[in-house]
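Asks: So I've got this file, work_11.cif, and it contains mmCIF, C-alpha atoms:
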data_upload
#
loop_
_atom_site.label_atom_id
_atom_site.label_comp_id
_atom_site.auth_asym_id
_atom_site.auth_seq_id
_atom_site.Cartn_x
_atom_site.Cartn_y
_atom_site.Cartn_z
CA MET R 1 53.06 -25.55 5.37
CA GLU R 2 53.62 -23.33 8.42
CA ILE R 3 56.83 -23.83 10.34
CA GLU R 4 54.80 -23.94 13.56
CA ASP R 5 53.05 -27.08 12.29
CA ARG R 6 56.38 -28.69 11.47
CA ILE R 7 57.83 -27.86 14.90
CA ARG R 8 54.79 -29.27 16.70
CA ALA R 9 54.92 -32.47 14.67
CA ALA R 10 58.69 -32.74 15.19
CA TRP R 11 58.27 -32.60 18.97
CA GLU R 12 55.34 -35.04 18.83
CA GLY R 13 57.12 -37.40 16.46
CA ARG R 14 60.40 -37.42 18.37
CA ILE R 15 58.74 -38.08 21.72
CA SER R 16 56.37 -40.74 20.32
CA GLY R 17 59.20 -42.53 18.50
CA CYS R 18 61.27 -42.51 21.67
CA LEU R 19 58.42 -43.95 23.75
CA LEU R 20 57.83 -46.65 21.15
CA GLY R 21 61.43 -47.84 21.27
CA LYS R 22 61.93 -47.47 25.01
CA PRO R 23 60.28 -50.71 26.25
CA VAL R 24 62.43 -52.90 24.00
CA GLU R 25 65.68 -50.93 24.18
CA MET R 26 67.43 -53.33 26.54
CA VAL R 27 65.96 -56.41 24.84
CA SER R 28 67.41 -55.19 21.55
CA MET R 29 70.81 -54.41 23.07
CA ARG R 30 71.18 -57.64 25.03
CA GLU R 31 69.40 -60.16 22.78
CA GLY R 32 69.93 -58.66 19.33
CA PRO R 33 67.45 -58.44 16.46
CA ILE R 34 66.30 -62.05 16.83
CA GLY R 35 65.52 -61.64 20.53
CA LEU R 36 63.86 -58.30 19.87
CA ASN R 37 61.55 -59.63 17.20
CA ASN R 38 60.79 -62.76 19.25
CA PHE R 39 59.64 -60.48 22.06
CA LEU R 40 57.54 -58.34 19.73
CA GLU R 41 55.92 -61.42 18.17
CA GLU R 42 55.23 -63.21 21.45
CA SER R 43 53.75 -60.07 22.98
CA GLY R 44 51.38 -59.69 20.03
CA SER R 45 52.93 -56.38 18.97
CA LEU R 46 53.66 -57.28 15.34
CA PRO R 47 53.22 -55.67 12.92
CA LEU R 48 54.45 -52.80 15.10
CA ARG R 49 52.07 -49.96 14.29
CA ASP R 50 51.20 -48.87 17.84
CA TYR R 51 52.93 -48.81 21.19
CA VAL R 52 54.50 -52.08 22.33
CA LYS R 53 52.21 -54.47 24.20
CA TYR R 54 53.46 -55.39 27.65
CA MET R 55 54.81 -58.85 28.32
CA ASP R 56 56.82 -60.00 31.33
CA HIS R 57 60.53 -59.95 30.57
CA PRO R 58 63.53 -59.46 32.89
CA LEU R 59 64.82 -56.63 30.68
CA LEU R 60 61.50 -54.73 30.67
CA ARG R 61 61.03 -52.85 33.91
CA GLY R 62 60.71 -49.44 35.55
CA ALA R 63 60.06 -46.46 33.28
CA ASN R 64 60.38 -48.67 30.21
CA LYS R 65 57.38 -50.72 31.37
CA ARG R 66 55.37 -47.51 31.73
CA CYS R 67 55.91 -46.85 28.00
CA CYS R 68 53.89 -49.90 26.95
CA LEU R 69 50.46 -49.76 25.35
CA GLY R 70 47.78 -48.84 27.89
CA MET R 71 50.35 -47.92 30.56
CA ILE R 72 51.40 -44.50 29.24
CA ASP R 73 50.23 -41.30 30.93
CA LYS R 74 53.20 -39.05 30.17
CA ALA R 75 56.48 -39.02 28.29
CA GLU R 76 58.80 -40.73 30.76
CA VAL R 77 62.27 -39.40 31.44
CA ASP R 78 64.68 -40.39 28.68
CA ASP R 79 68.02 -38.93 27.65
CA ASP R 80 66.82 -38.45 24.06
CA ILE R 81 64.21 -35.97 25.35
CA THR R 82 66.31 -34.53 28.16
CA TYR R 83 69.04 -33.49 25.72
CA LEU R 84 66.46 -32.02 23.33
CA VAL R 85 65.10 -29.79 26.07
CA LEU R 86 68.60 -28.94 27.27
CA ALA R 87 69.58 -27.86 23.75
CA LEU R 88 66.52 -25.61 23.65
CA MET R 89 67.52 -24.08 26.99
CA MET R 90 71.12 -23.55 25.86
CA MET R 91 69.99 -21.85 22.66
CA GLU R 92 67.66 -19.62 24.67
CA GLN R 93 70.58 -18.58 26.85
CA TYR R 94 73.50 -18.45 24.40
CA GLY R 95 71.92 -18.24 20.96
CA LEU R 96 73.90 -18.79 17.78
CA ASP R 97 77.17 -18.03 19.60
CA LEU R 98 76.86 -21.24 21.65
CA THR R 99 80.30 -22.74 22.35
CA THR R 100 81.53 -26.09 23.61
CA ASP R 101 82.35 -24.35 26.90
CA ASP R 102 78.70 -23.28 27.16
CA VAL R 103 77.63 -26.90 26.67
CA ALA R 104 80.14 -28.09 29.30
CA ARG R 105 78.95 -25.52 31.85
CA SER R 106 75.32 -26.41 31.12
CA TRP R 107 76.08 -30.05 31.87
CA ILE R 108 77.72 -29.19 35.18
CA ASN R 109 74.96 -26.81 36.27
CA LEU R 110 71.86 -28.52 34.88
CA LEU R 111 72.47 -32.17 34.03
CA PRO R 112 72.65 -34.78 36.83
CA VAL R 113 75.50 -37.20 36.23
CA GLY R 114 73.02 -40.05 36.70
CA ALA R 115 71.22 -38.89 33.54
CA THR R 116 74.35 -39.49 31.45
CA PHE R 117 75.58 -42.75 29.93
CA THR R 118 78.59 -44.16 28.08
CA ALA R 119 80.51 -41.33 26.38
CA GLU R 120 78.58 -38.62 28.21
CA ARG R 121 79.20 -40.21 31.62
CA ASP R 122 82.89 -40.68 30.86
CA SER R 123 83.30 -37.10 29.65
CA TYR R 124 81.25 -35.67 32.51
CA LEU R 125 83.47 -37.30 35.12
CA LYS R 126 86.59 -36.02 33.37
CA LEU R 127 85.05 -32.58 33.15
CA ILE R 128 84.45 -32.49 36.91
CA GLU R 129 87.93 -33.80 37.60
CA LYS R 130 89.76 -31.32 35.36
CA SER R 131 87.74 -28.13 35.79
CA ASN R 132 87.70 -25.81 38.79
CA MET R 133 84.65 -24.19 40.33
CA ALA R 134 85.35 -20.87 38.62
CA TYR R 135 84.95 -22.54 35.23
CA GLN R 136 81.46 -23.68 36.18
CA PHE R 137 80.37 -20.05 36.48
CA GLY R 138 82.11 -18.70 33.40
CA GLY R 139 85.74 -18.67 34.50
CA PRO R 140 88.60 -19.55 32.14
CA ARG R 141 89.18 -23.11 30.98
CA ASP R 142 92.56 -24.61 31.90
CA PHE R 143 92.15 -27.94 30.12
CA ASP R 144 91.74 -29.08 26.52
CA PHE R 145 88.58 -30.75 25.25
CA GLU R 146 90.79 -33.48 23.81
CA GLU R 147 91.32 -34.54 27.42
CA ILE R 148 87.56 -34.71 27.95
CA ASN R 149 86.44 -36.54 24.81
CA ASP R 150 89.24 -39.11 24.85
CA GLY R 151 87.22 -42.17 25.85
CA GLU R 152 86.33 -45.65 24.69
CA TYR R 153 82.75 -44.64 23.77
CA ASN R 154 83.52 -41.49 21.78
CA ASP R 155 82.30 -42.96 18.48
CA TRP R 156 78.98 -44.15 19.94
CA ILE R 157 75.53 -42.64 19.42
CA GLY R 158 75.35 -40.21 22.38
CA ALA R 159 76.13 -36.99 20.52
CA GLN R 160 73.81 -37.96 17.68
CA ILE R 161 70.79 -37.84 20.00
CA ARG R 162 71.62 -34.39 21.40
CA ILE R 163 71.49 -32.20 18.33
CA ASP R 164 68.11 -32.29 16.52
CA MET R 165 67.16 -28.94 18.05
CA TYR R 166 69.89 -27.07 16.18
CA GLY R 167 68.39 -28.15 12.87
CA TRP R 168 64.82 -27.49 13.99
CA LEU R 169 65.72 -23.92 14.89
CA LEU R 170 67.44 -23.18 11.58
CA PRO R 171 65.29 -24.31 8.64
CA GLY R 172 67.19 -23.60 5.45
CA LYS R 173 70.46 -22.99 7.35
CA PRO R 174 72.00 -26.49 7.38
CA LYS R 175 75.64 -25.40 7.57
CA LEU R 176 75.04 -23.36 10.70
CA ALA R 177 73.00 -26.20 12.22
CA ALA R 178 75.83 -28.65 11.51
CA ASP R 179 78.37 -26.27 13.03
CA LEU R 180 76.32 -25.96 16.23
CA ALA R 181 76.00 -29.75 16.38
CA ARG R 182 79.77 -30.13 16.14
CA ARG R 183 80.30 -27.65 18.97
CA ASP R 184 77.99 -29.73 21.17
CA ALA R 185 79.22 -33.14 20.04
CA MET R 186 82.93 -32.51 20.52
CA LEU R 187 82.52 -32.26 24.29
CA SER R 188 82.19 -36.04 24.45
CA HIS R 189 82.78 -37.46 20.97
CA ARG R 190 85.24 -37.54 18.11
CA SER R 191 85.53 -38.37 14.46
CA CYS R 192 82.60 -40.25 12.88
CA ALA R 193 80.27 -39.57 15.83
CA VAL R 194 80.77 -35.82 15.50
CA GLU R 195 80.12 -35.98 11.75
CA ALA R 196 77.04 -38.17 12.30
CA SER R 197 75.72 -35.48 14.64
CA ALA R 198 76.45 -32.75 12.12
CA TYR R 199 74.65 -34.78 9.47
CA ILE R 200 71.43 -35.20 11.49
CA ALA R 201 71.36 -31.51 12.43
CA ALA R 202 71.88 -30.51 8.80
CA LEU R 203 69.17 -32.94 7.68
CA CYS R 204 66.72 -31.46 10.19
CA ALA R 205 67.46 -27.99 8.80
CA LEU R 206 67.00 -29.17 5.21
CA VAL R 207 63.79 -31.20 5.48
CA PRO R 208 61.44 -28.18 5.76
CA VAL R 209 62.94 -26.52 2.67
CA SER R 210 63.41 -29.56 0.42
CA SER R 211 61.03 -30.88 -2.23
CA THR R 212 61.65 -34.53 -1.32
CA ARG R 213 63.24 -36.55 1.44
CA GLU R 214 65.83 -37.78 -1.03
CA GLU R 215 66.82 -34.21 -1.85
CA ALA R 216 67.33 -33.41 1.85
CA VAL R 217 69.30 -36.60 2.53
CA ASP R 218 71.65 -35.92 -0.39
CA ALA R 219 72.10 -32.23 0.41
CA ALA R 220 73.01 -32.95 4.03
CA LEU R 221 75.81 -35.23 2.81
CA GLU R 222 77.52 -32.21 1.29
CA LEU R 223 78.01 -30.77 4.78
CA ILE R 224 80.03 -33.58 6.35
CA GLU R 225 83.49 -34.91 5.65
CA LYS R 226 83.46 -37.20 2.65
CA ASP R 227 86.17 -39.46 4.09
CA SER R 228 84.20 -39.93 7.31
CA LEU R 229 82.64 -43.27 8.18
CA ALA R 230 79.47 -41.29 8.88
CA TYR R 231 79.35 -40.38 5.19
CA GLU R 232 79.59 -44.07 4.36
CA ALA R 233 76.82 -44.90 6.86
CA VAL R 234 74.46 -42.49 5.13
CA LYS R 235 75.33 -44.08 1.80
CA ILE R 236 74.54 -47.52 3.26
CA GLY R 237 71.15 -46.26 4.41
CA ILE R 238 70.47 -44.92 0.92
CA GLN R 239 71.71 -48.11 -0.75
CA PHE R 240 69.27 -50.31 1.15
CA LYS R 241 66.26 -48.02 0.76
CA ASN R 242 63.09 -50.15 0.36
CA LYS R 243 65.07 -53.32 1.09
CA ASP R 244 64.95 -55.57 4.14
CA ALA R 245 66.58 -54.30 7.33
CA SER R 246 68.64 -57.48 7.49
CA ASN R 247 70.91 -55.88 4.89
CA LEU R 248 71.95 -53.32 7.48
CA HIS R 249 72.76 -56.03 9.99
CA ASP R 250 74.72 -57.97 7.40
CA HIS R 251 76.79 -54.88 6.67
CA TYR R 252 77.50 -53.84 10.26
CA GLY R 253 77.73 -57.30 11.76
CA ASP R 254 78.50 -57.32 15.48
CA MET R 255 79.03 -53.58 15.87
CA SER R 256 77.89 -52.25 19.26
CA PRO R 257 74.12 -51.64 19.27
CA VAL R 258 74.79 -48.10 20.51
CA HIS R 259 77.39 -47.13 17.90
CA SER R 260 76.80 -43.99 15.86
CA LEU R 261 77.26 -45.60 12.44
CA ASN R 262 74.80 -48.50 12.36
CA ASN R 263 72.12 -46.34 13.97
CA LEU R 264 72.74 -43.50 11.52
CA ALA R 265 72.25 -45.96 8.66
CA VAL R 266 68.95 -47.10 10.22
CA VAL R 267 67.68 -43.53 10.44
CA VAL R 268 68.43 -42.80 6.78
CA TRP R 269 67.05 -46.18 5.65
CA ALA R 270 63.77 -45.76 7.53
CA PHE R 271 63.30 -42.10 6.63
CA LEU R 272 63.63 -42.92 2.92
CA SER R 273 61.89 -46.31 2.86
CA PHE R 274 58.58 -45.58 4.57
CA GLN R 275 57.23 -42.30 3.23
CA ASP R 276 53.50 -42.95 3.28
CA SER R 277 52.90 -43.89 6.91
CA PHE R 278 54.27 -42.55 10.20
CA ASP R 279 53.12 -45.76 11.90
CA GLU R 280 55.04 -47.97 9.50
CA ALA R 281 58.16 -45.82 9.52
CA ILE R 282 58.73 -45.74 13.26
CA GLY R 283 57.44 -49.30 13.71
CA GLU R 284 59.96 -50.69 11.23
CA THR R 285 62.70 -48.47 12.70
CA ILE R 286 62.22 -50.15 16.07
CA CYS R 287 61.96 -53.63 14.51
CA CYS R 288 65.36 -53.08 12.89
CA GLY R 289 66.87 -53.03 16.37
CA TRP R 290 70.11 -51.65 17.80
CA ASP R 291 69.39 -48.46 19.83
CA THR R 292 65.63 -48.47 19.44
CA ASP R 293 64.54 -45.46 21.50
CA CYS R 294 67.23 -43.28 19.89
CA THR R 295 66.50 -44.22 16.29
CA GLY R 296 62.76 -44.10 16.92
CA ALA R 297 63.13 -40.58 18.31
CA THR R 298 65.27 -39.31 15.44
CA VAL R 299 63.12 -40.83 12.70
CA GLY R 300 59.94 -39.65 14.42
CA GLY R 301 61.24 -36.10 14.61
CA LEU R 302 62.34 -36.08 10.98
CA ILE R 303 58.98 -37.35 9.76
CA GLY R 304 57.20 -34.75 11.86
CA LEU R 305 59.30 -32.03 10.25
CA ASP R 306 58.50 -33.43 6.83
CA LYS R 307 54.78 -34.08 7.17
CA GLY R 308 53.82 -31.37 9.64
CA THR R 309 51.45 -33.75 11.41
CA ILE R 310 51.43 -37.19 12.98
CA PRO R 311 48.46 -39.38 13.97
CA ASN R 312 46.74 -38.43 17.22
CA SER R 313 46.86 -42.03 18.39
CA TRP R 314 50.56 -41.56 19.17
CA THR R 315 50.21 -38.37 21.20
CA GLU R 316 46.97 -38.90 23.08
CA PRO R 317 48.41 -41.43 25.57
CA TRP R 318 51.08 -39.05 26.92
CA GLN R 319 48.74 -36.03 27.10
CA GLY R 320 51.32 -33.37 26.30
CA ARG R 321 53.24 -34.18 29.51
CA VAL R 322 57.00 -34.19 29.00
CA THR R 323 59.38 -35.10 31.83
CA THR R 324 63.12 -34.54 31.86
CA ALA R 325 66.08 -35.22 34.15
CA ILE R 326 67.25 -31.59 33.99
CA ALA R 327 67.79 -30.12 37.45
CA GLY R 328 64.89 -27.97 38.61
CA VAL R 329 62.81 -28.59 35.50
CA GLY R 330 60.79 -31.76 36.03
CA GLU R 331 57.61 -31.98 33.97
CA LEU R 332 56.95 -29.60 31.10
CA LYS R 333 53.97 -28.98 28.86
CA LEU R 334 54.36 -29.81 25.19
CA ASP R 335 52.54 -26.66 24.07
CA HIS R 336 54.97 -24.51 26.03
CA LEU R 337 57.98 -26.30 24.52
CA ILE R 338 56.58 -25.78 21.03
CA GLU R 339 55.97 -22.09 21.73
CA ARG R 340 59.53 -21.61 23.02
CA THR R 341 60.95 -23.40 19.99
CA CYS R 342 58.95 -21.33 17.51
CA ILE R 343 60.06 -18.10 19.18
CA LEU R 344 63.68 -19.07 18.58
CA VAL R 345 63.03 -20.14 14.97
CA LYS R 346 61.77 -16.63 14.22
CA LYS R 347 64.57 -14.99 16.21
CA PHE R 348 67.36 -16.95 14.55
CA SER R 349 65.87 -16.56 11.09
CA ALA R 350 66.70 -12.88 11.29
CA GLU R 351 69.97 -13.23 13.19
CA SER R 352 71.49 -15.94 10.97
CA ASP R 353 70.95 -13.80 7.89
CA LEU R 354 73.31 -11.26 9.43
CA LYS R 355 76.12 -13.74 10.16
#
Can you present the structure in this file as structure tokens?
Replies:
Amino acid sequence: MEIEDRIRAAWEGRISGCLLGKPVEMVSMREGPIGLNNFLEESGSLPLRDYVKYMDHPLLRGANKRCCLGMIDKAEVDDDITYLVLALMMMEQYGLDLTTDDVARSWINLLPVGATFTAERDSYLKLIEKSNMAYQFGGPRDFDFEEINDGEYNDWIGAQIRIDMYGWLLPGKPKLAADLARRDAMLSHRSCAVEASAYIAALCALVPVSSTREEAVDAALELIEKDSLAYEAVKIGIQFKNKDASNLHDHYGDMSPVHSLNNLAVVVWAFLSFQDSFDEAIGETICCGWDTDCTGATVGGLIGLDKGTIPNSWTEPWQGRVTTAIAGVGELKLDHLIERTCILVKKFSAESDLK
């Protein structure tokens, strides 16, 4: 299978999975799995094998409403996609030498603070407070990142949704992909959230060169700290493969719906459990709950990398139109994003062999 096919399907799968989970994101977070599945049932969306059908609900409004079946005409702005494009832009500018300082400066120069949430918002505000204007343009740093990532949300999912691109760009180079993910993640996160990010990036790099999904999932585990709670989360996802999602909820109980660990377990569980159908895989990912647009995006991207194609029914509604919150960027064309990504895959394939 050509890497270009995998990259196209990864973009398509990630965006489609994000759009599927977006309408019910707040329902899932505020009303839990019972409220989520009540909404999906009452709206006539179950079994979830297509975009969510619209139904009036106080937590479904704005851009999320425009991601419902029959209402989609483009990929609406979402941080899962904004960070994916930003990572592409950073890798175009800095390449394999990307540093945490490069990520910090990219946030200041390109990412509106209103596009950040939880750990990212907290770290962004600290970054502005502690850095001077010279730093923004490449000047020396006179603060420690430990001052920036020391926040109450630094084990949540934010970093985990920012790092797929590093794995996409480095098929067969999972260690380097994981290292790049850590450099990005440590701006806002610590501990298990950083390792969860490294795991997803490594998995993305391994999927195109692995014989089975199980092989890739196991190999990526070798690249994160074995005493990390992220390692345990992956093991939980593996343990409950092909079993009901309620097992995941029983294990993680009342953990925040936007924590890194429960959502990492969902990704692994869904990626391994539903191998015959893209529709079923992302549908059941969203039905599991917690951070639905994030897990839908990650699982969708992974399946795209694995299969090299996803059903047209998911991509036709948004017509290759991709919008972001990045300053000065606005709407982008999917074909152009795929082309830019493939150029870097080829470039880094040669460069990484020399490192």
Asks: For R:Asn262, please output as a PyMOL selection string all residues within 9 Å (counting only C-alpha atoms; exclusion window: fewer than 3 positions along the same chain).
Replies: chain R and resi 233+248-249+251-252+255-259+265-267+290
Asks: Please identify all polymer residues within 12 Å of R:Ala202, counting only C-alpha atoms, omitting same-chain residues fewer than 5 positions from it, and present them as a PyMOL selection string.
Replies: chain R and resi 160+163-182+195-197+207-210+216-224+302
Asks: Please work out which residues fall within 10 Å of (77.2, -29.4, 27.9), coordinates as given in the file, with all atoms listed in the file counting, and return them as a PyMOL selection string.
Replies: chain R and resi 83+86-87+90+99-111+120+123-124+127+162+183-188
Asks: Provide the atom CA of R:Gly158 to atom CA of R:Ala119 distance in Å, to one decimal place.
Replies: 6.6 Å
Asks: Between R:Phe117, R:Phe143, R:Phe39, R:Tyr51, which one has atoms that come closest to R:Trp318, using all atoms listed in the file?
Replies: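 Counting all atoms listed in the file, the residue closest to R:Trp318 is R:Tyr51.
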Asks: Compile the contact shell of stretch 52-56 of chain R as a list in words: residues with an atom at most 8 Å away, counting all atoms listed in the file, same-chain residues fewer than 4 positions apart removed.
Replies: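 In the requested format, the answer is Leu20, Pro23, Leu40, Ser43, Gly44, Ser45, Leu48, Leu60, Lys65, Cys67, Cys68 and Leu69 of chain R.
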Asks: Could those residues be written to a file, using C-alpha atoms, as a PDB file, in the frame of the given file?
Replies:
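The resulting part-v8.pdb:
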ATOM      1  CA  LEU R  20      57.830 -46.650  21.150  1.00  0.00           C
ATOM      2  CA  PRO R  23      60.280 -50.710  26.250  1.00  0.00           C
ATOM      3  CA  LEU R  40      57.540 -58.340  19.730  1.00  0.00           C
ATOM      4  CA  SER R  43      53.750 -60.070  22.980  1.00  0.00           C
ATOM      5  CA  GLY R  44      51.380 -59.690  20.030  1.00  0.00           C
ATOM      6  CA  SER R  45      52.930 -56.380  18.970  1.00  0.00           C
ATOM      7  CA  LEU R  48      54.450 -52.800  15.100  1.00  0.00           C
ATOM      8  CA  LEU R  60      61.500 -54.730  30.670  1.00  0.00           C
ATOM      9  CA  LYS R  65      57.380 -50.720  31.370  1.00  0.00           C
ATOM     10  CA  CYS R  67      55.910 -46.850  28.000  1.00  0.00           C
ATOM     11  CA  CYS R  68      53.890 -49.900  26.950  1.00  0.00           C
ATOM     12  CA  LEU R  69      50.460 -49.760  25.350  1.00  0.00           C
TER      13      LEU R  69
END
Asks: Kindly give the distance, in Å, that separates atom CA of R:Phe145 and atom CA of R:Ile157, rounded to a single decimal.
Replies: 18.6 Å
